[in-house]
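Visitor: File input_11.cif below, mmCIF, C-alpha atoms (C1' of nucleotides):
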data_coords
loop_
_atom_site.label_atom_id
_atom_site.label_comp_id
_atom_site.auth_asym_id
_atom_site.auth_seq_id
_atom_site.Cartn_x
_atom_site.Cartn_y
_atom_site.Cartn_z
CA MET H 1 42.82 -23.42 20.98
CA THR H 2 40.67 -25.63 18.81
CA ALA H 3 37.39 -24.36 20.23
CA ARG H 4 38.06 -21.08 18.51
CA ARG H 5 38.92 -22.80 15.26
CA ARG H 6 35.69 -24.76 15.48
CA LEU H 7 33.68 -21.57 15.84
CA VAL H 8 35.38 -20.09 12.80
CA ALA H 9 34.79 -23.27 10.82
CA ARG H 10 31.11 -23.29 11.70
CA ARG H 11 30.63 -19.70 10.60
CA HIS H 12 32.56 -20.35 7.45
CA LEU H 13 30.58 -23.50 6.79
CA HIS H 14 27.35 -21.60 7.13
CA GLU H 15 28.54 -19.05 4.61
CA SER H 16 29.20 -21.82 2.14
CA VAL H 17 25.75 -23.26 2.75
CA VAL H 18 24.13 -19.88 2.14
CA ASP H 19 26.10 -19.50 -1.08
CA LEU H 20 25.06 -22.98 -2.16
CA ILE H 21 21.39 -22.30 -1.46
CA ALA H 22 21.55 -19.02 -3.34
CA LEU H 23 23.29 -20.68 -6.26
CA MET H 24 20.81 -23.54 -6.48
CA ASN H 25 17.85 -21.21 -6.17
CA LEU H 26 18.84 -19.05 -9.13
CA PRO H 27 16.05 -19.28 -11.70
CA GLN H 28 18.50 -19.20 -14.56
CA ARG H 29 20.18 -22.32 -13.20
CA ASP H 30 16.98 -24.27 -13.61
CA ASP H 31 16.52 -22.80 -17.05
CA VAL H 32 19.96 -24.00 -18.11
CA LEU H 33 19.28 -27.43 -16.69
CA LEU H 34 15.88 -27.72 -18.34
CA ALA H 35 17.31 -26.56 -21.66
CA GLU H 36 20.19 -29.03 -21.43
CA ALA H 37 17.68 -31.79 -20.70
CA GLY H 38 15.44 -30.67 -23.53
CA VAL H 39 12.52 -30.39 -21.14
CA THR H 40 9.82 -27.75 -21.04
CA LEU H 41 8.47 -27.57 -17.54
CA ASP H 42 7.70 -24.95 -14.95
CA ARG H 43 10.26 -24.67 -12.19
CA ALA H 44 7.84 -25.13 -9.34
CA LEU H 45 6.51 -28.25 -11.02
CA PHE H 46 9.83 -29.86 -11.68
CA THR H 47 10.85 -29.53 -8.05
CA LEU H 48 7.72 -31.40 -7.08
CA LEU H 49 8.28 -33.99 -9.79
CA VAL H 50 11.69 -34.79 -8.33
CA GLY H 51 10.15 -35.05 -4.89
CA ILE H 52 7.48 -37.46 -6.09
CA GLU H 53 10.06 -39.53 -7.93
CA ARG H 54 12.07 -39.85 -4.76
CA PHE H 55 9.35 -40.59 -2.23
CA GLN H 56 6.66 -42.26 -4.28
CA PRO H 57 4.07 -43.33 -3.59
CA ILE H 58 3.32 -40.20 -1.62
CA GLY H 59 0.22 -38.24 -0.68
CA VAL H 60 -0.36 -34.56 -1.15
CA VAL H 61 -0.07 -33.60 2.50
CA GLU H 62 3.21 -35.40 3.07
CA LEU H 63 4.59 -33.96 -0.15
CA ALA H 64 3.50 -30.50 0.94
CA ASP H 65 5.26 -30.94 4.28
CA ARG H 66 8.46 -31.91 2.53
CA ALA H 67 8.18 -29.00 0.11
CA GLY H 68 7.30 -26.55 2.88
CA ARG H 69 4.23 -25.31 1.04
CA ASP H 70 0.55 -25.31 1.75
CA HIS H 71 -1.13 -28.58 0.87
CA THR H 72 -3.70 -26.81 -1.29
CA THR H 73 -0.97 -25.30 -3.41
CA VAL H 74 0.71 -28.66 -3.82
CA SER H 75 -2.63 -30.25 -4.63
CA ARG H 76 -3.09 -27.93 -7.57
CA GLN H 77 0.47 -28.37 -8.78
CA VAL H 78 0.26 -32.14 -8.61
CA ALA H 79 -2.96 -31.89 -10.60
CA LYS H 80 -1.03 -30.06 -13.29
CA LEU H 81 1.64 -32.75 -13.33
CA ALA H 82 -1.10 -35.32 -13.71
CA GLU H 83 -2.59 -33.37 -16.61
CA LEU H 84 0.82 -33.35 -18.26
CA GLY H 85 0.96 -37.12 -17.91
CA LEU H 86 4.09 -37.02 -15.79
CA VAL H 87 2.41 -38.19 -12.60
CA GLU H 88 -0.31 -40.70 -11.91
CA ARG H 89 -2.85 -40.50 -9.10
CA ARG H 90 -4.40 -43.57 -7.58
CA PRO H 91 -6.22 -44.36 -4.36
CA SER H 92 -4.07 -45.88 -1.67
CA ALA H 93 -4.83 -49.46 -0.80
CA ALA H 94 -3.98 -48.94 2.85
CA ASP H 95 -5.81 -45.64 3.44
CA ARG H 96 -8.67 -44.71 1.18
CA ARG H 97 -8.40 -41.06 2.09
CA VAL H 98 -5.08 -40.89 0.30
CA ARG H 99 -4.66 -40.43 -3.43
CA GLU H 100 -1.09 -41.48 -3.97
CA ALA H 101 1.07 -39.75 -6.54
CA LEU H 102 3.46 -41.83 -8.65
CA ILE H 103 5.78 -41.13 -11.53
CA THR H 104 4.61 -42.33 -14.91
CA SER H 105 7.03 -43.75 -17.43
CA GLU H 106 6.87 -40.39 -19.19
CA GLY H 107 7.66 -38.63 -15.91
CA ARG H 108 10.54 -41.00 -15.35
CA ARG H 109 11.93 -40.11 -18.73
CA VAL H 110 11.90 -36.47 -17.70
CA THR H 111 13.64 -37.01 -14.38
CA ASP H 112 16.19 -39.27 -16.06
CA ALA H 113 16.87 -36.59 -18.65
CA LEU H 114 17.30 -34.04 -15.89
CA ASP H 115 19.72 -36.30 -14.02
CA ALA H 116 21.76 -36.89 -17.15
CA ALA H 117 21.81 -33.19 -17.97
CA ARG H 118 22.97 -32.28 -14.50
CA HIS H 119 25.62 -34.95 -14.68
CA ARG H 120 26.97 -33.53 -17.92
CA LEU H 121 26.86 -29.96 -16.67
CA THR H 122 28.68 -30.64 -13.41
CA ALA H 123 31.23 -33.08 -14.80
CA PRO H 124 33.91 -30.38 -15.33
CA VAL H 125 33.73 -29.47 -11.67
CA PHE H 126 34.81 -32.87 -10.46
CA GLU H 127 37.49 -33.58 -13.00
CA ARG H 128 40.12 -32.06 -10.75
CA TRP H 129 38.85 -33.61 -7.55
CA THR H 130 40.75 -36.51 -6.06
CA ASP H 131 38.86 -39.64 -5.11
CA ARG H 132 39.50 -38.96 -1.48
CA ASP H 133 38.11 -35.42 -1.48
CA LEU H 134 35.03 -36.45 -3.44
CA PHE H 135 34.26 -39.36 -1.15
CA GLU H 136 34.90 -37.29 1.94
CA LEU H 137 32.61 -34.49 0.81
CA ASP H 138 29.95 -37.05 0.00
CA ARG H 139 30.27 -38.67 3.42
CA LEU H 140 30.47 -35.49 5.47
CA LEU H 141 27.70 -33.59 3.71
CA ARG H 142 25.39 -36.59 4.03
CA ARG H 143 26.15 -36.75 7.72
CA TYR H 144 25.63 -33.01 8.10
CA VAL H 145 22.21 -33.11 6.45
CA ASP H 146 21.19 -36.20 8.42
CA ASP H 147 22.22 -34.54 11.66
CA LEU H 148 20.18 -31.47 10.84
CA LEU H 149 17.16 -33.60 9.98
CA THR H 150 17.52 -35.61 13.16
CA MET H 151 17.81 -32.45 15.21
CA ARG H 152 14.64 -31.16 13.60
CA ALA H 153 12.59 -34.27 14.35
CA PRO H 154 14.46 -36.72 16.59
CA GLU H 155 11.63 -39.23 16.90
CA ASP H 156 9.07 -38.75 14.14
CA ASP H 157 11.29 -38.34 11.12
CA PRO H 158 10.46 -41.00 8.55
CA ASP H 159 13.92 -40.67 7.03
CA ALA H 160 15.75 -41.54 10.20
CA MET W 1 36.97 -49.51 -10.45
CA THR W 2 37.04 -46.07 -8.92
CA ALA W 3 35.30 -44.39 -11.86
CA ARG W 4 32.17 -46.27 -10.86
CA ARG W 5 32.56 -45.26 -7.25
CA ARG W 6 32.96 -41.66 -8.32
CA LEU W 7 29.70 -41.80 -10.24
CA VAL W 8 27.92 -43.21 -7.24
CA ALA W 9 29.44 -40.57 -4.98
CA ARG W 10 28.35 -37.78 -7.29
CA ARG W 11 24.77 -39.03 -7.39
CA HIS W 12 24.77 -39.47 -3.67
CA LEU W 13 26.25 -36.04 -3.15
CA HIS W 14 23.55 -34.49 -5.27
CA GLU W 15 20.89 -36.20 -3.18
CA SER W 16 22.40 -34.65 -0.08
CA VAL W 17 22.42 -31.24 -1.70
CA VAL W 18 18.77 -31.57 -2.67
CA ASP W 19 17.91 -32.57 0.88
CA LEU W 20 19.86 -29.64 2.22
CA ILE W 21 18.13 -27.18 -0.10
CA ALA W 22 14.74 -28.57 0.83
CA LEU W 23 15.58 -28.38 4.51
CA MET W 24 16.82 -24.82 4.35
CA ASN W 25 13.85 -23.71 2.27
CA LEU W 26 11.25 -24.94 4.75
CA PRO W 27 9.25 -21.92 5.89
CA GLN W 28 8.96 -23.29 9.39
CA ARG W 29 12.75 -23.36 9.66
CA ASP W 30 12.89 -19.63 9.17
CA ASP W 31 10.06 -19.20 11.62
CA VAL W 32 11.96 -21.12 14.27
CA LEU W 33 15.07 -19.10 13.62
CA LEU W 34 13.24 -15.79 13.70
CA ALA W 35 11.48 -16.76 16.90
CA GLU W 36 14.74 -17.86 18.53
CA ALA W 37 16.28 -14.55 17.51
CA GLY W 38 13.27 -12.63 18.77
CA VAL W 39 12.88 -10.98 15.40
CA THR W 40 9.68 -10.22 13.51
CA LEU W 41 10.50 -10.06 9.85
CA ASP W 42 9.15 -11.42 6.61
CA ARG W 43 11.13 -14.32 5.21
CA ALA W 44 11.74 -12.78 1.81
CA LEU W 45 13.01 -9.66 3.51
CA PHE W 46 15.39 -11.36 5.87
CA THR W 47 17.07 -13.21 3.02
CA LEU W 48 17.74 -9.89 1.35
CA LEU W 49 18.91 -8.36 4.60
CA VAL W 50 21.56 -11.04 4.93
CA GLY W 51 22.62 -10.44 1.35
CA ILE W 52 22.95 -6.72 1.92
CA GLU W 53 24.91 -7.29 5.11
CA ARG W 54 27.32 -9.51 3.25
CA PHE W 55 27.90 -7.47 0.11
CA GLN W 56 27.30 -3.93 1.22
CA PRO W 57 27.42 -1.39 -0.17
CA ILE W 58 25.41 -2.89 -3.00
CA GLY W 59 22.96 -1.59 -5.58
CA VAL W 60 19.55 -2.97 -6.36
CA VAL W 61 20.44 -4.54 -9.69
CA GLU W 62 23.47 -6.40 -8.38
CA LEU W 63 21.51 -7.56 -5.37
CA ALA W 64 18.72 -8.75 -7.65
CA ASP W 65 21.21 -10.72 -9.74
CA ARG W 66 22.54 -12.43 -6.65
CA ALA W 67 19.06 -13.20 -5.41
CA GLY W 68 17.90 -14.42 -8.80
CA ARG W 69 14.85 -12.14 -8.76
CA ASP W 70 13.67 -9.29 -10.89
CA HIS W 71 15.26 -5.98 -9.97
CA THR W 72 11.87 -4.33 -9.58
CA THR W 73 10.85 -6.87 -6.98
CA VAL W 74 14.07 -6.37 -5.09
CA SER W 75 13.67 -2.61 -5.35
CA ARG W 76 10.34 -2.79 -3.56
CA GLN W 77 11.62 -5.19 -0.92
CA VAL W 78 14.66 -3.06 -0.19
CA ALA W 79 12.32 -0.10 0.15
CA LYS W 80 10.46 -2.03 2.84
CA LEU W 81 13.70 -2.77 4.65
CA ALA W 82 14.51 0.93 4.51
CA GLU W 83 11.08 1.78 5.94
CA LEU W 84 11.76 -0.62 8.77
CA GLY W 85 15.02 1.18 9.48
CA LEU W 86 17.11 -1.93 8.91
CA VAL W 87 18.72 -0.67 5.72
CA GLU W 88 19.94 2.71 4.63
CA ARG W 89 19.93 4.03 1.09
CA ARG W 90 22.44 6.59 -0.08
CA PRO W 91 23.72 7.76 -3.44
CA SER W 92 26.97 6.22 -4.50
CA ALA W 93 29.92 8.56 -4.65
CA ALA W 94 31.40 6.79 -7.64
CA ASP W 95 28.24 6.42 -9.73
CA ARG W 96 25.35 8.76 -9.12
CA ARG W 97 22.91 6.40 -10.79
CA VAL W 98 23.37 3.97 -7.93
CA ARG W 99 21.57 4.21 -4.62
CA GLU W 100 23.64 1.95 -2.43
CA ALA W 101 22.02 -0.15 0.26
CA LEU W 102 23.77 -0.51 3.62
CA ILE W 103 22.92 -2.12 6.91
CA THR W 104 21.99 0.27 9.69
CA SER W 105 23.04 -0.37 13.26
CA GLU W 106 19.51 -1.60 13.86
CA GLY W 107 19.80 -3.93 10.88
CA ARG W 108 23.12 -5.15 12.17
CA ARG W 109 21.54 -5.96 15.50
CA VAL W 110 19.01 -8.11 13.67
CA THR W 111 21.58 -10.02 11.62
CA ASP W 112 23.72 -10.51 14.70
CA ALA W 113 20.72 -11.86 16.59
CA LEU W 114 19.99 -14.22 13.72
CA ASP W 115 23.58 -15.44 13.66
CA ALA W 116 23.56 -16.03 17.39
CA ALA W 117 20.23 -17.83 17.21
CA ARG W 118 21.44 -20.09 14.42
CA HIS W 119 24.58 -20.80 16.36
CA ARG W 120 22.59 -21.87 19.41
CA LEU W 121 20.19 -23.96 17.38
CA THR W 122 22.86 -25.85 15.46
CA ALA W 123 25.29 -26.32 18.32
CA PRO W 124 23.94 -29.78 19.25
CA VAL W 125 24.66 -31.01 15.75
CA PHE W 126 28.37 -30.39 15.98
CA GLU W 127 28.97 -31.58 19.49
CA ARG W 128 29.71 -35.07 18.25
CA TRP W 129 31.83 -33.99 15.31
CA THR W 130 35.58 -34.38 15.49
CA ASP W 131 37.75 -31.41 14.64
CA ARG W 132 38.99 -33.16 11.56
CA ASP W 133 35.54 -33.88 10.11
CA LEU W 134 34.33 -30.37 10.80
CA PHE W 135 37.35 -28.75 9.19
CA GLU W 136 37.21 -31.11 6.25
CA LEU W 137 33.53 -30.45 5.58
CA ASP W 138 34.22 -26.74 5.81
CA ARG W 139 37.09 -26.97 3.34
CA LEU W 140 35.44 -29.31 0.86
CA LEU W 141 32.04 -27.63 0.77
CA ARG W 142 33.70 -24.26 0.25
CA ARG W 143 35.66 -25.68 -2.62
CA TYR W 144 32.57 -27.33 -4.08
CA VAL W 145 30.60 -24.08 -4.04
CA ASP W 146 33.51 -22.11 -5.44
CA ASP W 147 33.95 -24.60 -8.25
CA LEU W 148 30.27 -24.36 -9.13
CA LEU W 149 30.45 -20.57 -9.13
CA THR W 150 33.57 -20.58 -11.27
CA MET W 151 31.96 -22.98 -13.71
CA ARG W 152 28.97 -20.66 -13.96
CA ALA W 153 31.02 -17.53 -14.67
CA PRO W 154 34.70 -18.32 -15.26
CA GLU W 155 35.82 -14.76 -15.98
CA ASP W 156 33.29 -12.24 -14.73
CA ASP W 157 32.49 -13.58 -11.28
CA PRO W 158 33.23 -10.89 -8.70
CA ASP W 159 33.67 -13.53 -6.00
CA ALA W 160 36.46 -15.33 -7.77
"C1'" DC K 1 -21.17 -45.63 18.07
"C1'" DA K 2 -19.78 -40.86 18.48
"C1'" DT K 3 -16.48 -37.52 18.14
"C1'" DA K 4 -12.11 -35.92 16.85
"C1'" DA K 5 -8.45 -35.98 13.63
"C1'" DC K 6 -6.84 -36.62 8.99
"C1'" DG K 7 -6.32 -36.39 3.64
"C1'" DT K 8 -8.04 -34.10 -0.05
"C1'" DG K 9 -9.66 -30.50 -2.95
"C1'" DT K 10 -12.44 -25.83 -4.17
"C1'" DG K 11 -13.74 -20.82 -3.70
"C1'" DC K 12 -11.89 -16.67 -2.64
"C1'" DA K 13 -8.98 -12.75 -1.58
"C1'" DT K 14 -4.41 -11.15 -1.23
"C1'" DC K 15 0.15 -10.45 -2.30
"C1'" DA K 16 4.37 -11.18 -4.72
"C1'" DT K 17 6.26 -11.20 -9.12
"C1'" DG K 18 7.80 -9.69 -13.57
"C1'" DC K 19 7.02 -7.03 -17.80
"C1'" DA K 20 6.58 -2.56 -20.09
"C1'" DC K 21 7.91 1.79 -19.51
"C1'" DA K 22 10.04 6.17 -18.03
"C1'" DC K 23 13.73 9.08 -16.21
"C1'" DG K 24 18.24 10.55 -14.92
"C1'" DA K 25 23.25 9.28 -15.19
"C1'" DT K 26 27.11 7.32 -17.52
"C1'" DT K 27 29.74 5.47 -21.27
"C1'" DG K 28 31.43 5.27 -25.74
"C1'" DA K 29 31.66 6.27 -30.69
"C1'" DC K 30 32.63 9.73 -33.92
"C1'" DG T 1 32.26 17.97 -27.63
"C1'" DT T 2 27.95 15.74 -29.01
"C1'" DC T 3 24.74 12.41 -29.34
"C1'" DA T 4 23.19 7.77 -29.12
"C1'" DA T 5 23.35 3.57 -26.54
"C1'" DT T 6 23.65 1.54 -22.16
"C1'" DC T 7 22.88 1.31 -17.31
"C1'" DG T 8 20.66 1.81 -12.49
"C1'" DT T 9 16.48 2.81 -10.54
"C1'" DG T 10 11.68 2.88 -9.65
"C1'" DT T 11 6.28 2.91 -10.94
"C1'" DG T 12 1.89 1.17 -13.17
"C1'" DC T 13 -0.26 -2.75 -14.37
"C1'" DA T 14 -1.82 -7.47 -15.03
"C1'" DT T 15 -1.07 -12.13 -14.11
"C1'" DG T 16 -0.39 -15.96 -11.24
"C1'" DA T 17 0.89 -18.26 -7.13
"C1'" DT T 18 -0.20 -18.71 -2.46
"C1'" DG T 19 -2.65 -19.64 1.77
"C1'" DC T 20 -6.92 -19.39 4.49
"C1'" DA T 21 -11.70 -20.82 5.28
"C1'" DC T 22 -14.48 -24.36 4.34
"C1'" DA T 23 -16.52 -28.82 2.98
"C1'" DC T 24 -16.59 -33.84 2.24
"C1'" DG T 25 -15.37 -38.46 2.91
"C1'" DT T 26 -12.26 -41.62 5.68
"C1'" DT T 27 -9.84 -43.26 9.65
"C1'" DA T 28 -8.58 -43.26 14.51
"C1'" DT T 29 -9.86 -42.83 19.40
"C1'" DG T 30 -12.61 -43.14 23.50
#
Show how you would write the structure in this file as structure tokens.
Guide:
Amino acid sequence: MTARRRLVARRHLHESVVDLIALMNLPQRDDVLLAEAGVTLDRALFTLLVGIERFQPIGVVELADRAGRDHTTVSRQVAKLAELGLVERRPSAADRRVREALITSEGRRVTDALDAARHRLTAPVFERWTDRDLFELDRLLRRYVDDLLTMRAPEDDPDA
Amino acid sequence: MTARRRLVARRHLHESVVDLIALMNLPQRDDVLLAEAGVTLDRALFTLLVGIERFQPIGVVELADRAGRDHTTVSRQVAKLAELGLVERRPSAADRRVREALITSEGRRVTDALDAARHRLTAPVFERWTDRDLFELDRLLRRYVDDLLTMRAPEDDPDA
DNA sequence: CATAACGTGTGCATCATGCACACGATTGAC
DNA sequence: GTCAATCGTGTGCATGATGCACACGTTATG
């Protein structure tokens, strides 16, 4: 009966997700990555920096929603990133309430260094993966995440 | 050239992972889950509760390593779980330094309720998935996580 | 217009976090 | 067998992050 197998697969899948979350949330993992990239940056800040790089230009409130933190907390952290010269603030042309955050060229250098470091660190993992398995994991995980996002906000999700 | 496609897939895969982490770390997601399960519990605590349920019996230091937090922090949080009657502490028979943490029947009821709630909430996502895609995602994500864990600690990983 | 809703940021109080440290138990070196 | 080093555990303490209440200017709504 495949319904039973599907239940087992879903439980098993969730276990893997929990393991993945735990693994990625380990502080020492970020430390290794930052060291490999030659970057000195607080962990909370570098998560935000990546978020800004991905969704720029972006306001504080939207960034806070994506990060799941209070907007006042994010406001202060973005201010720190601006002080460090990694992020630039500027008023939005469309909505003058908004002070958009954007990556500076210095900030871009940091995120590029992080990407390159991660690529080097994870290269050994994929050496033994076939093309097919890699492409399939890419496709299926993307679909999984998109489905979860869609379920969360079927109509008002800007990523949809 | 497939080497190029592999690079693209790896970048793309990492994006999906980042999205997944962000999604799972949203505080409101835990709130929804806790509400659906009818459970009142702090988020930090319920993460630990799941960890204890999975690896019990487990000491504070090992649990702290898995959670990536300081052992003193975990010690206090486990004490709270014990106060709530969700976790039991007992001296280890093998090593009298260790005070093992175990799930109580009450704690088990909570984790079961959380599992059931998550199952209900995510059921719509999988309705449109074929058996093959579901099983493949299960298999490949498990392998991905295992490979990352092995890379991290090739010889001394207890999960290996 | 007038009123509500929104984006942003500051003051403030609280709580989690991690370090220094201590204590009992275990291991290992000799 | 003895003693020092290591380990698991937990407490005191100080720092820092976090979120709430609030305020100000801007935009949307009627």
Visitor: Could you list the residues in chain K lying within 9 Å of chain H, using only C-alpha atoms (C1' of nucleotides), and format the result as a list in words?
Guide: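 Close enough to count are DC6, DG7, DT8 and DG9 of chain K.
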Visitor: Written as an NGL selection string, which residues does the PyMOL selection byres ((chain H) within 8 of (chain W)) give for the file shown?
Guide: :H and (2 or 6 or 9-10 or 12-13 or 16-17 or 19-28 or 66-69 or 122 or 124-125 or 131 or 133-138 or 140-142 or 144-145 or 147-149 or 151)
Visitor: Convert the output of the PyMOL selection byres ((chain T) within 8 of (chain H)) on the shown file into explicit residues, formatted as a ChimeraX atom specification.
Guide: /T:18-19,25-27
Visitor: Might I get the box with edges along x, y and z of the file that holds all atoms of stretch 32-37 of chain W listed there, padded by 8 Å on every side, given as centre and edge lengths in Å to one decimal, as AutoDock Vina command-line options?
Guide:
--center_x 13.9 --center_y -17.8 --center_z 16.1 --size_x 20.8 --size_y 22.6 --size_z 20.9
Visitor: Atom CA of W:Thr104 to atom CA of W:Ala117: how many Å, to one decimal?
Guide: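 According to the coordinates, atom CA of W:Thr104 and atom CA of W:Ala117 are separated by 19.7 Å.
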Visitor: May I ask for the distance between atom CA of H:Leu81 and atom CA of H:Ala64, given in Å to one decimal place?
Guide: 14.6 Å
Visitor: Name the residues that the PyMOL selection byres ((chain T and resi 3) around 12) picks from the file above, as a PDB file with C-alpha atoms (C1' of nucleotides), in the coordinates of the input, using the file's chain letters and numbers.
Guide:
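As written to disk, part03.pdb reads:
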ATOM      1  C1'  DT K  27      29.740   5.470 -21.270  1.00  0.00           C
ATOM      2  C1'  DG K  28      31.430   5.270 -25.740  1.00  0.00           C
ATOM      3  C1'  DA K  29      31.660   6.270 -30.690  1.00  0.00           C
ATOM      4  C1'  DC K  30      32.630   9.730 -33.920  1.00  0.00           C
TER       5       DC K  30
ATOM      6  C1'  DG T   1      32.260  17.970 -27.630  1.00  0.00           C
ATOM      7  C1'  DT T   2      27.950  15.740 -29.010  1.00  0.00           C
ATOM      8  C1'  DA T   4      23.190   7.770 -29.120  1.00  0.00           C
ATOM      9  C1'  DA T   5      23.350   3.570 -26.540  1.00  0.00           C
TER      10       DA T   5
END
